[in-house]
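work-v6.txt follows (compact mmCIF, C-alpha atoms (C1' of nucleotides)):
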```
# COMPACT_ATOMS: atom_id res chain seq x y z
CA MET A 29 1.56 25.43 -3.81
CA MET A 30 -0.50 28.56 -3.92
CA PHE A 31 0.19 30.39 -7.16
CA SER A 32 -0.01 28.44 -10.38
CA THR A 33 2.55 28.31 -13.15
CA LYS A 34 0.73 31.22 -14.73
CA ALA A 35 2.39 33.45 -12.21
CA GLU A 36 5.64 31.56 -12.35
CA TYR A 37 6.02 31.64 -16.12
CA GLY A 38 4.47 35.05 -16.54
CA VAL A 39 6.82 36.68 -14.09
CA ARG A 40 9.75 35.09 -15.87
CA VAL A 41 8.59 36.56 -19.13
CA MET A 42 8.22 39.97 -17.58
CA VAL A 43 11.68 39.81 -16.03
CA GLU A 44 13.15 38.94 -19.38
CA LEU A 45 11.37 41.85 -20.99
CA ALA A 46 12.55 44.12 -18.21
CA ARG A 47 16.08 42.94 -18.65
CA ARG A 48 16.04 44.14 -22.22
CA ALA A 49 13.87 47.18 -21.76
CA GLY A 50 14.52 49.95 -24.26
CA GLU A 51 15.69 47.57 -26.93
CA GLU A 52 13.87 46.14 -29.91
CA PRO A 53 10.69 44.15 -29.40
CA ILE A 54 11.48 40.64 -28.22
CA PRO A 55 9.78 37.68 -29.90
CA LEU A 56 8.03 35.39 -27.48
CA ALA A 57 9.61 32.37 -29.13
CA GLU A 58 12.99 33.61 -28.04
CA ILE A 59 11.93 33.92 -24.42
CA ALA A 60 10.25 30.52 -24.55
CA GLU A 61 13.30 28.79 -25.89
CA ARG A 62 15.66 30.54 -23.56
CA GLY A 63 13.61 29.66 -20.51
CA GLY A 64 12.62 26.19 -21.63
CA LEU A 65 8.95 27.14 -21.49
CA PRO A 66 6.15 26.09 -23.85
CA LEU A 67 5.59 28.85 -26.39
CA ALA A 68 1.92 28.18 -27.04
CA TYR A 69 1.21 28.39 -23.37
CA LEU A 70 3.16 31.59 -22.92
CA GLU A 71 1.00 33.15 -25.60
CA HIS A 72 -2.00 32.78 -23.33
CA LEU A 73 -0.18 34.34 -20.45
CA VAL A 74 1.22 37.25 -22.37
CA ALA A 75 -2.26 37.93 -23.70
CA ARG A 76 -3.34 38.59 -20.14
CA LEU A 77 -0.40 40.85 -19.57
CA ARG A 78 -1.24 42.79 -22.69
CA LYS A 79 -4.88 43.20 -21.76
CA ALA A 80 -3.75 44.51 -18.40
CA GLY A 81 -1.67 47.12 -20.18
CA LEU A 82 1.63 45.82 -18.85
CA VAL A 83 3.20 44.94 -22.18
CA ASP A 84 2.96 46.35 -25.68
CA SER A 85 3.22 44.27 -28.79
CA ARG A 86 4.47 44.70 -32.33
CA ARG A 87 3.09 42.40 -34.91
CA GLY A 88 4.77 41.09 -37.99
CA SER A 89 8.35 40.46 -38.82
CA ARG A 90 10.79 41.86 -36.30
CA GLY A 91 7.87 42.14 -33.96
CA GLY A 92 7.58 40.97 -30.39
CA TYR A 93 6.77 42.26 -26.96
CA LEU A 94 8.07 45.07 -24.82
CA LEU A 95 7.21 46.53 -21.47
CA ALA A 96 4.55 49.19 -21.54
CA ARG A 97 6.32 51.09 -18.77
CA SER A 98 9.69 51.27 -17.12
CA PRO A 99 10.67 48.25 -15.02
CA THR A 100 10.79 50.52 -11.99
CA GLU A 101 7.18 51.45 -12.51
CA ILE A 102 5.71 47.97 -12.79
CA THR A 103 5.05 46.24 -9.50
CA LEU A 104 4.86 42.51 -9.13
CA ALA A 105 1.40 42.99 -7.70
CA GLU A 106 0.21 44.21 -11.07
CA VAL A 107 1.93 41.37 -12.86
CA VAL A 108 0.67 38.61 -10.61
CA GLU A 109 -2.83 39.98 -10.51
CA ALA A 110 -2.96 40.22 -14.28
CA LEU A 111 -1.91 36.62 -14.51
CA GLU A 112 -3.78 35.01 -11.67
CA GLY A 113 -6.73 37.29 -11.20
CA SER A 114 -7.63 38.96 -7.96
CA ILE A 115 -5.41 37.75 -5.18
CA ALA A 116 -7.24 35.81 -2.52
CA PRO A 117 -5.61 33.39 -0.09
CA ILE A 118 -8.76 31.35 0.13
CA GLU A 119 -11.94 30.93 -1.84
CA CYS A 120 -14.33 32.45 0.66
CA ILE A 121 -12.40 35.72 0.66
CA THR A 122 -12.87 38.13 -2.21
CA GLU A 123 -12.17 41.76 -2.81
CA GLY A 124 -15.16 44.00 -3.34
CA SER A 125 -15.24 46.71 -5.95
CA ASP A 126 -14.51 49.31 -3.28
CA GLY A 127 -11.48 47.47 -2.00
CA SER A 128 -13.20 46.03 1.03
CA ILE A 129 -12.74 42.38 1.85
CA VAL A 130 -15.79 40.20 1.70
CA CYS A 131 -16.23 36.76 3.26
CA SER A 132 -18.79 34.71 1.40
CA ARG A 133 -19.69 32.83 4.57
CA GLU A 134 -20.56 35.98 6.36
CA THR A 135 -23.48 37.19 4.34
CA GLN A 136 -25.35 33.94 4.75
CA ARG A 137 -26.36 34.45 8.32
CA GLY A 138 -25.78 37.42 10.48
CA HIS A 139 -22.87 35.92 12.34
CA VAL A 140 -19.38 37.27 11.93
CA CYS A 141 -16.78 34.95 10.47
CA PRO A 142 -14.08 34.37 13.08
CA THR A 143 -11.45 33.47 10.53
CA LYS A 144 -11.93 36.50 8.35
CA LEU A 145 -9.32 38.45 10.24
CA LEU A 146 -6.77 35.77 9.56
CA TRP A 147 -7.29 35.55 5.84
CA THR A 148 -7.56 39.28 5.49
CA ARG A 149 -4.18 39.70 7.08
CA VAL A 150 -2.62 36.96 5.02
CA ARG A 151 -3.97 38.50 1.87
CA PHE A 152 -2.72 41.88 2.83
CA SER A 153 0.77 40.69 3.62
CA ILE A 154 0.98 39.02 0.23
CA VAL A 155 -0.32 42.04 -1.62
CA ARG A 156 1.98 44.35 0.25
CA THR A 157 5.01 42.24 -0.53
CA LEU A 158 4.08 42.15 -4.20
CA GLN A 159 3.46 45.87 -4.25
CA GLU A 160 6.82 46.61 -2.71
CA MET A 161 8.71 44.87 -5.48
CA THR A 162 9.11 46.04 -9.03
CA LEU A 163 10.51 44.29 -12.04
CA ALA A 164 13.64 46.35 -11.63
CA ASP A 165 14.31 44.63 -8.32
CA LEU A 166 14.35 41.26 -10.03
CA VAL A 167 16.48 42.38 -12.92
CA LEU A 168 19.23 43.37 -10.55
CA GLY A 169 18.92 40.01 -8.85
CA PRO A 170 21.04 37.64 -10.97
CA GLY A 171 24.08 39.84 -10.74
CA LEU A 172 24.16 39.65 -6.98
CA PRO A 173 27.37 39.96 -4.94
CA SER A 174 29.09 36.65 -5.65
CA GLY A 175 29.45 33.05 -4.63
CA PRO A 176 26.86 30.37 -3.95
CA ALA A 177 24.81 32.32 -1.47
CA LEU A 178 21.99 29.90 -2.05
CA SER A 179 22.85 26.88 -0.02
CA THR A 180 22.08 27.28 3.63
CA GLY A 181 21.09 30.57 4.96
CA PRO A 182 19.93 32.83 2.17
CA LEU A 183 16.37 33.21 3.29
CA LEU A 184 16.86 35.19 6.37
CA ALA A 185 19.90 36.89 5.00
CA ALA A 186 18.22 37.96 1.82
CA LEU A 187 15.18 39.12 3.66
CA ASP A 188 16.39 40.64 6.82
CA THR A 189 19.32 42.58 5.54
CA GLU A 190 17.27 44.46 3.02
CA PRO A 191 14.55 46.72 4.12
CA PRO A 192 11.82 46.70 1.51
CA PRO A 193 12.96 48.85 -1.39
CA LEU A 194 9.69 50.70 -1.74
CA THR A 195 10.43 52.07 -5.15
CA THR A 196 6.76 51.78 -5.78
CA GLY A 197 5.48 54.52 -7.96
CA ALA A 198 1.97 53.17 -7.75
CA MET B 22 -7.51 31.03 -4.40
CA MET B 23 -4.35 29.82 -2.79
CA PHE B 24 -5.19 27.75 0.26
CA SER B 25 -7.71 24.95 -0.11
CA THR B 26 -10.73 24.27 2.04
CA LYS B 27 -8.51 22.09 4.17
CA ALA B 28 -7.12 25.23 5.70
CA GLU B 29 -10.46 26.98 5.69
CA TYR B 30 -12.39 24.22 7.43
CA GLY B 31 -9.52 23.14 9.64
CA VAL B 32 -8.99 26.61 11.01
CA ARG B 33 -12.68 26.89 11.76
CA VAL B 34 -12.54 23.68 13.72
CA MET B 35 -9.56 24.90 15.68
CA VAL B 36 -11.21 28.21 16.47
CA GLU B 37 -14.26 26.40 17.74
CA LEU B 38 -12.08 24.20 19.94
CA ALA B 39 -10.22 27.25 21.16
CA ARG B 40 -13.46 28.99 21.99
CA ARG B 41 -14.35 26.19 24.33
CA ALA B 42 -10.90 25.40 25.63
CA GLY B 43 -10.84 23.97 29.13
CA GLU B 44 -14.25 22.42 28.80
CA GLU B 45 -15.29 18.87 28.02
CA PRO B 46 -14.15 17.23 24.79
CA ILE B 47 -16.21 18.44 21.86
CA PRO B 48 -17.61 15.88 19.41
CA LEU B 49 -16.71 16.64 15.84
CA ALA B 50 -20.29 16.09 14.79
CA GLU B 51 -21.30 19.06 16.83
CA ILE B 52 -18.76 21.33 15.16
CA ALA B 53 -19.71 20.01 11.76
CA GLU B 54 -23.38 20.68 12.25
CA ARG B 55 -22.86 24.07 13.77
CA GLY B 56 -20.60 25.19 10.94
CA GLY B 57 -22.52 23.50 8.18
CA LEU B 58 -19.47 21.45 7.27
CA PRO B 59 -19.32 17.80 6.11
CA LEU B 60 -18.47 15.62 9.09
CA ALA B 61 -16.72 12.85 7.19
CA TYR B 62 -14.46 15.36 5.56
CA LEU B 63 -13.65 17.10 8.82
CA GLU B 64 -12.51 13.77 10.21
CA HIS B 65 -9.73 13.72 7.67
CA LEU B 66 -8.67 17.21 8.55
CA VAL B 67 -8.73 16.71 12.26
CA ALA B 68 -6.64 13.59 11.79
CA ARG B 69 -3.91 15.81 10.41
CA LEU B 70 -4.24 18.16 13.31
CA ARG B 71 -3.96 15.29 15.72
CA LYS B 72 -0.88 13.86 14.05
CA ALA B 73 0.68 17.29 14.27
CA GLY B 74 0.04 17.28 18.00
CA LEU B 75 -2.30 20.24 17.92
CA VAL B 76 -5.39 18.48 19.24
CA ASP B 77 -6.01 15.64 21.64
CA SER B 78 -8.86 13.19 21.34
CA ARG B 79 -11.04 11.16 23.65
CA ARG B 80 -12.69 8.13 22.20
CA GLY B 81 -15.99 6.62 23.12
CA SER B 82 -19.07 8.07 24.59
CA ARG B 83 -18.70 11.63 25.80
CA GLY B 84 -15.56 11.77 23.73
CA GLY B 85 -14.45 14.37 21.27
CA TYR B 86 -11.55 16.68 20.57
CA LEU B 87 -9.76 19.35 22.55
CA LEU B 88 -6.78 21.57 22.00
CA ALA B 89 -3.47 20.05 22.98
CA ARG B 90 -2.21 23.44 24.20
CA SER B 91 -3.57 26.79 25.19
CA PRO B 92 -5.04 28.89 22.37
CA THR B 93 -2.39 31.52 23.03
CA GLU B 94 0.32 28.96 22.36
CA ILE B 95 -0.92 27.66 19.04
CA THR B 96 0.00 29.76 16.06
CA LEU B 97 -1.92 29.73 12.83
CA ALA B 98 1.30 28.81 11.10
CA GLU B 99 1.26 25.48 12.89
CA VAL B 100 -2.39 24.93 12.09
CA VAL B 101 -2.17 25.80 8.42
CA GLU B 102 1.01 23.85 7.92
CA ALA B 103 -0.50 20.78 9.54
CA LEU B 104 -3.46 21.03 7.23
CA GLU B 105 -1.88 22.05 3.95
CA GLY B 106 1.64 20.80 4.28
CA SER B 107 4.73 22.93 3.90
CA ILE B 108 3.82 26.43 2.84
CA ALA B 109 5.08 27.37 -0.60
CA PRO B 110 3.70 30.16 -2.75
CA ILE B 111 4.63 28.34 -5.90
CA GLU B 112 5.58 24.85 -6.90
CA CYS B 113 9.20 25.50 -7.77
CA ILE B 114 9.89 26.81 -4.28
CA THR B 115 10.34 24.34 -1.45
CA GLU B 116 11.80 24.44 2.01
CA GLY B 117 14.83 22.32 2.61
CA SER B 118 15.30 20.30 5.78
CA ASP B 119 17.58 22.96 7.17
CA GLY B 120 15.08 25.70 6.56
CA SER B 121 16.73 27.06 3.45
CA ILE B 122 14.64 27.85 0.43
CA VAL B 123 15.28 25.84 -2.68
CA CYS B 124 14.23 26.65 -6.22
CA SER B 125 13.81 23.54 -8.31
CA ARG B 126 14.70 25.44 -11.46
CA GLU B 127 17.98 26.51 -10.08
CA THR B 128 19.72 23.21 -9.71
CA GLN B 129 19.17 22.26 -13.33
CA ARG B 130 21.71 24.57 -14.81
CA GLY B 131 24.12 26.77 -13.06
CA HIS B 132 22.13 29.91 -13.63
CA VAL B 133 20.50 31.74 -10.79
CA CYS B 134 16.73 32.04 -10.83
CA PRO B 135 15.80 35.70 -11.08
CA THR B 136 12.37 35.19 -9.56
CA LYS B 137 13.53 33.32 -6.50
CA LEU B 138 13.84 36.51 -4.51
CA LEU B 139 10.23 37.33 -5.23
CA TRP B 140 8.75 34.03 -4.15
CA THR B 141 11.02 33.79 -1.17
CA ARG B 142 9.76 37.11 0.06
CA VAL B 143 6.15 36.23 -0.59
CA ARG B 144 6.54 33.01 1.29
CA PHE B 145 8.21 34.72 4.16
CA SER B 146 5.52 37.34 4.48
CA ILE B 147 2.86 34.66 4.58
CA VAL B 148 4.67 32.58 7.15
CA ARG B 149 5.37 35.61 9.27
CA THR B 150 1.76 36.66 9.27
CA LEU B 151 0.66 33.17 10.24
CA GLN B 152 3.26 32.99 12.96
CA GLU B 153 2.16 36.28 14.43
CA MET B 154 -1.37 35.09 15.01
CA THR B 155 -2.57 32.57 17.54
CA LEU B 156 -5.93 30.92 17.96
CA ALA B 157 -6.58 33.27 20.84
CA ASP B 158 -6.52 36.21 18.45
CA LEU B 159 -9.33 34.68 16.44
CA VAL B 160 -11.40 33.77 19.45
CA LEU B 161 -11.40 37.36 20.56
CA GLY B 162 -12.19 38.38 17.04
CA PRO B 163 -16.00 38.38 16.91
CA GLY B 164 -16.24 40.62 19.91
CA LEU B 165 -13.92 43.27 18.55
CA PRO B 166 -14.01 46.89 19.76
CA SER B 167 -17.11 48.00 17.96
CA GLY B 168 -18.55 48.91 14.62
CA PRO B 169 -17.63 47.58 11.20
CA ALA B 170 -13.90 47.74 11.68
CA LEU B 171 -13.44 45.28 8.85
CA SER B 172 -13.70 47.49 5.84
CA THR B 173 -10.53 49.39 5.15
CA GLY B 174 -8.65 50.59 8.18
CA PRO B 175 -7.48 47.95 10.64
CA LEU B 176 -5.21 46.16 8.28
CA LEU B 177 -2.33 48.55 8.23
CA ALA B 178 -2.51 49.17 11.92
CA ALA B 179 -2.50 45.50 12.75
CA LEU B 180 0.36 44.63 10.48
CA ASP B 181 2.77 47.47 10.59
CA THR B 182 3.07 47.80 14.30
CA GLU B 183 4.50 44.37 14.97
CA PRO B 184 8.06 43.42 14.10
CA PRO B 185 8.58 39.82 13.01
CA PRO B 186 9.03 37.32 15.84
CA LEU B 187 11.02 34.82 13.81
CA THR B 188 10.31 31.88 16.05
CA THR B 189 10.70 29.34 13.29
CA GLY B 190 10.82 26.05 15.13
CA ALA B 191 9.33 23.93 12.37
C1' DT C 22 -24.37 -4.39 26.19
C1' DG C 23 -25.44 -0.90 23.56
C1' DA C 24 -24.76 3.78 22.26
C1' DT C 25 -21.42 7.13 21.20
C1' DA C 26 -17.70 8.79 19.30
C1' DC C 27 -13.00 8.46 17.30
C1' DC C 28 -10.20 6.21 13.67
C1' DC C 29 -8.72 4.11 9.29
C1' DT C 30 -8.71 2.78 4.27
C1' DA C 31 -10.74 3.00 -0.31
C1' DG C 32 -12.73 4.98 -3.75
C1' DC C 33 -15.01 8.40 -6.84
C1' DG C 34 -16.63 12.50 -9.70
C1' DC C 35 -15.81 16.83 -11.29
C1' DC C 36 -13.26 20.74 -12.30
C1' DC C 37 -9.42 23.09 -14.00
C1' DA C 38 -4.47 23.82 -14.53
C1' DG C 39 -1.54 23.20 -18.10
C1' DG C 40 -0.97 22.52 -22.02
C1' DT C 41 -1.67 21.40 -27.71
C1' DA C 42 -3.45 22.47 -32.30
C1' DG C 43 -4.49 25.14 -36.12
C1' DG C 44 -5.82 28.99 -38.16
C1' DT C 45 -5.79 34.26 -39.14
C1' DA C 46 -3.95 39.00 -39.21
C1' DT C 47 -0.22 42.12 -39.49
C1' DT C 48 4.33 43.80 -40.58
C1' DC C 49 9.05 43.73 -42.38
C1' DC C 50 12.57 42.78 -45.88
C1' DC C 51 14.02 41.71 -50.36
C1' DG D 4 4.49 41.76 -54.47
C1' DG D 5 5.80 37.64 -52.06
C1' DG D 6 7.23 35.31 -48.37
C1' DA D 7 8.98 34.99 -43.86
C1' DA D 8 8.22 36.21 -39.22
C1' DT D 9 5.50 37.27 -35.65
C1' DA D 10 1.39 38.40 -32.88
C1' DC D 11 -3.32 36.93 -32.04
C1' DC D 12 -7.43 34.04 -31.44
C1' DT D 13 -10.50 29.98 -30.52
C1' DA D 14 -11.12 25.46 -29.63
C1' DC D 15 -9.86 21.31 -27.71
C1' DC D 16 -7.71 17.78 -24.77
C1' DT D 17 -6.01 15.35 -20.59
C1' DG D 18 -4.28 14.09 -15.95
C1' DG D 19 -4.39 14.93 -11.30
C1' DG D 20 -6.09 16.43 -7.18
C1' DC D 21 -9.64 18.61 -4.38
C1' DG D 22 -13.56 17.66 -1.94
C1' DC D 23 -15.94 14.74 -0.69
C1' DT D 24 -18.60 9.70 0.39
C1' DA D 25 -18.73 4.83 2.13
C1' DG D 26 -18.10 1.51 5.22
C1' DG D 27 -16.07 -0.39 8.27
C1' DG D 28 -13.22 -1.00 12.97
C1' DT D 29 -12.10 0.30 17.89
C1' DA D 30 -12.22 2.48 22.36
C1' DT D 31 -15.10 4.34 26.16
C1' DC D 32 -19.03 5.42 28.94
C1' DA D 33 -23.65 4.70 31.08
```

In structure tokens, write the structure found in this file.
Amino acid sequence: MMFSTKAEYGVRVMVELARRAGEEPIPLAEIAERGGLPLAYLEHLVARLRKAGLVDSRRGSRGGYLLARSPTEITLAEVVEALEGSIAPIECITEGSDGSIVCSRETQRGHVCPTKLLWTRVRFSIVRTLQEMTLADLVLGPGLPSGPALSTGPLLAALDTEPPPLTTGA
Amino acid sequence: MMFSTKAEYGVRVMVELARRAGEEPIPLAEIAERGGLPLAYLEHLVARLRKAGLVDSRRGSRGGYLLARSPTEITLAEVVEALEGSIAPIECITEGSDGSIVCSRETQRGHVCPTKLLWTRVRFSIVRTLQEMTLADLVLGPGLPSGPALSTGPLLAALDTEPPPLTTGA
DNA sequence: TGATACCCTAGCGCCCAGGTAGGTATTCCC
DNA sequence: GGGAATACCTACCTGGGCGCTAGGGTATCA
């Protein structure tokens, strides 16, 4: 696998928050129980989300978490990056402060890294996909058309029929 | 990071083989020394590549490895998959034997996984990018047009112009 | 016949993902 | 005010797997 459960669990939490956006703050314990996820662990994840400014919190009784912005304005790129750190497909590739891509192998000697192009493209395709999706896209998900569209062919169908939504406000 | 050094090192080996395609078999020790990579570890990686039918080997003196096919006919998707196993952005997502995407969380209860769409798309964008590139593209890499075309610009151009080939044969 | 290289199996240390534990601070309701 | 509920913080633990190393065996060439 490539992303850890940080991303997996964290995204689930965010989707749940998005689903109930505009309502009262939602206690983390409720999300944990509902999703069958370990509460104490979620607390670590949601701390990252809060520090990234993606969720707000209310302490005390009747407290909980809520989205800091509208679900349509939060991209999955922000969410995943808050949870996992800077997105890099491979260790030798990192993003510089100016957005340029740096290969750690390259600075050692003068020679150009022949594989940099590959990993740069892979990284970019991941980031672009994450940037194209917002939480709102996932909230609409569960209530899809109908029937078990999950068995045999959903990949291509789900992907090819929809052009990327591009609701990105970022 | 997302891919391990298996992919990193393995791709480097393949690029080196591609660079000298058509010549004599290349001893792994030579590639290891040239790239500053641990020989004994490379042997494990190249074993995977061989089992996947991507490289041929000649034993004995004057032996070594060579590409099983032309560099233009070997996609990075094949290489990476041989090295890392089936590509999945996250543990709960796996590819079924028929090519469909399965979410391990989904079968437990009847409910649909709201994040499946996300990870399916991420996976697809990765696979597509890897399928679009061949070893030949990386061999030509170092001698690109001119100047530091690696900073910010070439990404979009390279990615947006090509429609997906969808040659999934694996 | 020896040197060269591929080929296979075992094993090993370290790091970190994936939690657990326990305490503190803040807010609401009665 | 008191207590319940909740966020918030720091520290700790543990298993597994990545990234090797070790040591052989086997085929081929000069």

Practice task
Could you tell me which of A:Cys141, A:Leu45, A:Leu56, A:Ala105 comes closest to A:Met161 if we count all atoms listed in the file?
Solution key: A:Ala105

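Residues with any atom within 10 Å of C:DT25, counting all atoms listed in the file and excluding same-chain neighbours fewer than 4 positions away, are B:Pro48, B:Arg80, B:Gly81, B:Ser82, B:Arg83, B:Gly84, D:DT31, D:DC32.
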
Select from chain C every residue with an atom at most 10 Å from any atom of chain B, then for each give the shortest pair of atoms and their distance in Å to one decimal, using all atoms listed in the file, rows by chain and rising number, as a tab-separated table.
```
residue	atom	partner	partner_atom	distance
C:DA24	C1'	B:Ser82	CA	7.5
C:DT25	C1'	B:Ser82	CA	4.2
C:DA26	C1'	B:Gly81	CA	4.7
C:DC27	C1'	B:Arg80	CA	4.9
C:DC28	C1'	B:Ala68	CA	8.4
C:DC29	C1'	B:His65	CA	9.8
```

Problem - Polymer residues at most 8 Å from (-7.9, 30.2, 18.2) by only C-alpha atoms (C1' of nucleotides), as a PyMOL selection string - result: chain B and resi 35-40+92-93+95+155-160

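The point (-13.6, 27.0, -33.3) has these residues within 10 Å of it, counting all atoms listed in the file: DG43 and DG44 of chain C; DC12, DT13, DA14 and DC15 of chain D.
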
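Distances here use only C-alpha atoms (C1' of nucleotides); by that measure, the residue among D:DC23, D:DC16, D:DG6, D:DA33 closest to chain A is D:DG6.
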
Can I get the residues of chain D within 7 Å of chain A, each with the closest pair of atoms and their distance in Å to one decimal, using only C-alpha atoms (C1' of nucleotides), sorted chain first then ascending number, as a Markdown table?
```
| residue | atom | partner | partner_atom | distance |
| --- | --- | --- | --- | --- |
| D:DA8 | C1' | A:Ser89 | CA | 4.3 |
| D:DT9 | C1' | A:Gly88 | CA | 4.5 |
| D:DA10 | C1' | A:Arg87 | CA | 4.8 |
```
